[in-house]
Structures are given as structure tokens and as C-alpha cells.
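Peer 1: Attaching a single structure in C-alpha cells format; questions to follow.
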Amino acid sequence: MKDRKSSAHGAKVKNPSSAPETANLGRDVQAKIGQQLRSMYVGVVDQGVPDRFVELLKKLDEAGGSSDKDRDSE
Amino acid sequence: MTLDPTIRDDMLAAVPNLRAFAYSLSGSVDRADDLVQETLMRAIAKIDHFTPGTNLNAWLFTILRNYFRSEFRKQRREVEDVDGKHADRLVSQPEQVGRVEFEEFRAALGTLPDNQREALILVGASGFSYDEAAEICGCAVGTVKSRVNRARSRLAQMMSVGETPEFGADDKTRAVLGNLGG
């Protein structure tokens, strides 16, 4: 009941007769999802390479691959 | 064996993307860094399995993805709450996207099944083709496509409910923020 009342204000989410509107909403939401996903992702990419990884690779490289831990068990 | 300097540089260059993938999978910067560290160690330990000239990025993503799915995932629940806050603090959120929406999106993404989330990220954010994503996930291309589609419609469902002002967005917002611990 409340839903139907609200639809008078343009929020026809549950009204099956508003298919085009729903489709538009779907496209908008899809665009937003894509945008947010990329924004979140790029937010981390933009942090670059933290020092710990530069150090790690240097250390691993100097170790010359002689693994003191048996990590390659798979 | 010594690590080829070119490969080492390429690995370093891959780190930002690996972290972003790991963050998107795990929802936490701390976990992302742990995932990437383990990925690099594993990659170097079995660097002779890598064919020079092939896609190093995809190879590293595969290692990270498999590690996340096989072992890392099990530890997730232990630190869930604390980590959520930590992640909020560290990842700057893009200005054109509102904070509430961003939190809503993060929360929604976190509710997806692993296989849908990883497919969506690989194709929708990492920029891999469906073929590459299929290889990384060890499944058929068609499977990736249907997972991406399911992920999208599921997110759309959650997000469109959340953004209809007439339906008490304020309560919803509070609920979402409450779940995220502030």
C-alpha cells in the first residue's frame, strides 16, 4: 500500500506497468555500479607501490631464490 | 636462480593493480597488502613456471586469486570489524561519489559470492578480457560472463533499493553505516 502511494511521487520501483522507467533506472544503476567499482579500484591503484613491496622484492632477489621456507608446496 | 631484473621491475609495476584487486576481493587494505606480499613470494618461489613474454599480470592475478580462494578466505571472519574501519580510513574515496553511496557500494560488493565478485572486478575494473578472466579464474568464458551478469544485477538490485529517497534512505543509510561500524 505504501509502495503504491509513493509511486505517485515518481518512485515506481515495484509497479510492473512502468517497465521503460525500470529499464532506465537499471541502466543508471549499472552505470553507477561501473563507476563506483572503478573508482574504488583506481583509489587503490593510485596509491602506487608501498615501500614494503620494494623492500620485499629486493630482499627476495638478494636471497637468490634459495627459499628457506617451503612455500612452493602446491 | 636470480630474479631477472626485468621480471622484478614488472612485478613491482604490477603491485598497484594487485593491491587494488586484493582490496576489492577482501574489502581491506591490510588484507590486500598481506595477499600481495604472499603473492609475490609465491611468484618468485615458482618463477620458473612463468613463461617470459606471456602475460605476467595475469599470472600474478591467478596466484593471488587462488591463494585468496584456497587459504586466505578462511581467516577472513576473525578480523572483519576492525579491518573494515581501517580500510575506510586508508582508501580515499573519490570526490564525485558520495560517501554514503560509496559505503553502500562497498557493502553490497561484499555480499556477493566470491566467484561473482572476482569476475566482476577482473572484467569491470582490472581491464581483463573475458578470456583472460576465465583463465585467471580457471573456468569457461561463458561462466565468467554469466557470473559478471549475475553480479551486476545483484548489485543493481541492492543499490536501487538503497537510492530511492521516498523509501526512507535515511534509515537505510544509518543501517548501512551502522553495519560498517561508523
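If you're wondering about the labels, chains in the C-alpha cells are A, B, ... by order shown, residues count from 1 in each chain, ligands from 1 in order shown.
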For a quick test of understanding: name the residues of chain B lying within 9 Å of chain A when counting only C-alpha atoms, and present them as a ChimeraX atom specification.

Peer 2: /B:1-5,8,11-21,23-24,29,33,36-37,40-42,44-46,91-94,97,101-102,105-106,109,120-121,124-126,152-153,155-157,159-161,164-167

Peer 1: Can I get the selected residues back with C-alpha atoms, as an mmCIF file, in the first residue's frame?

Peer 2:
```
data_model
loop_
_atom_site.group_PDB
_atom_site.id
_atom_site.type_symbol
_atom_site.label_atom_id
_atom_site.label_comp_id
_atom_site.auth_asym_id
_atom_site.auth_seq_id
_atom_site.Cartn_x
_atom_site.Cartn_y
_atom_site.Cartn_z
ATOM 1 C CA MET B 1 68.470 -18.749 -9.524
ATOM 2 C CA THR B 2 68.462 -14.990 -9.617
ATOM 3 C CA LEU B 3 65.432 -12.984 -10.465
ATOM 4 C CA ASP B 4 65.565 -11.418 -13.895
ATOM 5 C CA PRO B 5 65.666 -7.634 -13.261
ATOM 6 C CA ARG B 8 61.373 -7.907 -10.891
ATOM 7 C CA MET B 11 56.369 -7.403 -10.693
ATOM 8 C CA LEU B 12 56.783 -4.088 -8.938
ATOM 9 C CA ALA B 13 54.837 -2.400 -11.690
ATOM 10 C CA ALA B 14 52.041 -4.918 -11.146
ATOM 11 C CA VAL B 15 51.784 -4.178 -7.422
ATOM 12 C CA PRO B 16 49.278 -1.281 -7.600
ATOM 13 C CA ASN B 17 46.890 -3.388 -9.652
ATOM 14 C CA LEU B 18 47.392 -6.442 -7.496
ATOM 15 C CA ARG B 19 46.637 -4.382 -4.399
ATOM 16 C CA ALA B 20 43.505 -2.959 -5.982
ATOM 17 C CA PHE B 21 42.341 -6.438 -6.936
ATOM 18 C CA TYR B 23 41.416 -4.854 -1.830
ATOM 19 C CA SER B 24 38.324 -5.323 -3.965
ATOM 20 C CA VAL B 29 43.814 -2.619 2.809
ATOM 21 C CA ASP B 33 48.797 -5.995 1.430
ATOM 22 C CA VAL B 36 50.012 -9.164 -2.358
ATOM 23 C CA GLN B 37 53.035 -9.975 -0.220
ATOM 24 C CA LEU B 40 54.935 -12.015 -4.702
ATOM 25 C CA MET B 41 56.694 -14.571 -2.513
ATOM 26 C CA ARG B 42 54.887 -17.417 -4.218
ATOM 27 C CA ILE B 44 59.237 -15.734 -7.037
ATOM 28 C CA ALA B 45 59.340 -19.186 -5.493
ATOM 29 C CA LYS B 46 57.923 -20.631 -8.684
ATOM 30 C CA VAL B 91 41.241 4.316 0.982
ATOM 31 C CA SER B 92 40.439 7.810 -0.089
ATOM 32 C CA GLN B 93 37.127 7.899 -1.707
ATOM 33 C CA PRO B 94 36.591 9.625 -4.994
ATOM 34 C CA VAL B 97 30.889 9.805 -5.496
ATOM 35 C CA GLU B 101 26.875 5.710 -1.851
ATOM 36 C CA PHE B 102 30.441 4.545 -1.706
ATOM 37 C CA PHE B 105 28.525 0.011 -2.803
ATOM 38 C CA ARG B 106 31.327 -1.485 -0.735
ATOM 39 C CA LEU B 109 30.039 -5.780 -3.201
ATOM 40 C CA LEU B 120 33.114 -8.539 -11.918
ATOM 41 C CA ILE B 121 36.340 -6.958 -10.674
ATOM 42 C CA GLY B 124 34.862 -4.367 -14.809
ATOM 43 C CA ALA B 125 37.872 -2.803 -13.076
ATOM 44 C CA SER B 126 41.124 -4.646 -13.794
ATOM 45 C CA ARG B 152 25.738 -6.740 -11.901
ATOM 46 C CA SER B 153 22.070 -7.461 -11.499
ATOM 47 C CA LEU B 155 24.345 -5.144 -7.158
ATOM 48 C CA ALA B 156 21.774 -3.198 -9.149
ATOM 49 C CA GLN B 157 19.036 -4.692 -7.045
ATOM 50 C CA MET B 159 21.757 -0.283 -4.987
ATOM 51 C CA SER B 160 18.424 0.722 -6.483
ATOM 52 C CA VAL B 161 16.641 -0.114 -3.280
ATOM 53 C CA THR B 164 15.153 5.647 -3.613
ATOM 54 C CA PRO B 165 14.655 8.652 -1.323
ATOM 55 C CA GLU B 166 10.926 8.045 -0.815
ATOM 56 C CA PHE B 167 11.663 4.743 0.804
#
```

Peer 1: Report the distance between atom CA of Asn57 of chain B and atom CA of Asp10 of chain B in Å, rounded to one decimal place.

Peer 2: 8.4 Å

Peer 1: Which residues are close to Cys139 of chain B, i.e. within 12 Å by only C-alpha atoms, leaving aside same-chain residues fewer than 5 positions away? Reply as number ranges by chain.

Peer 2: B: 62, 115, 119, 130-134, 144-147

Peer 1: Measure the distance from atom CA of Ala22 of chain B to atom CA of Glu71 of chain B in Å and round it to one decimal.

Peer 2: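 The value is 13.7 Å.
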
Peer 1: Which value, in Å to one decimal, gives the distance between atom CA of Thr54 of chain B and atom CA of Glu38 of chain B?

Peer 2: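 That distance, rounded to one decimal, is 21.4 Å.
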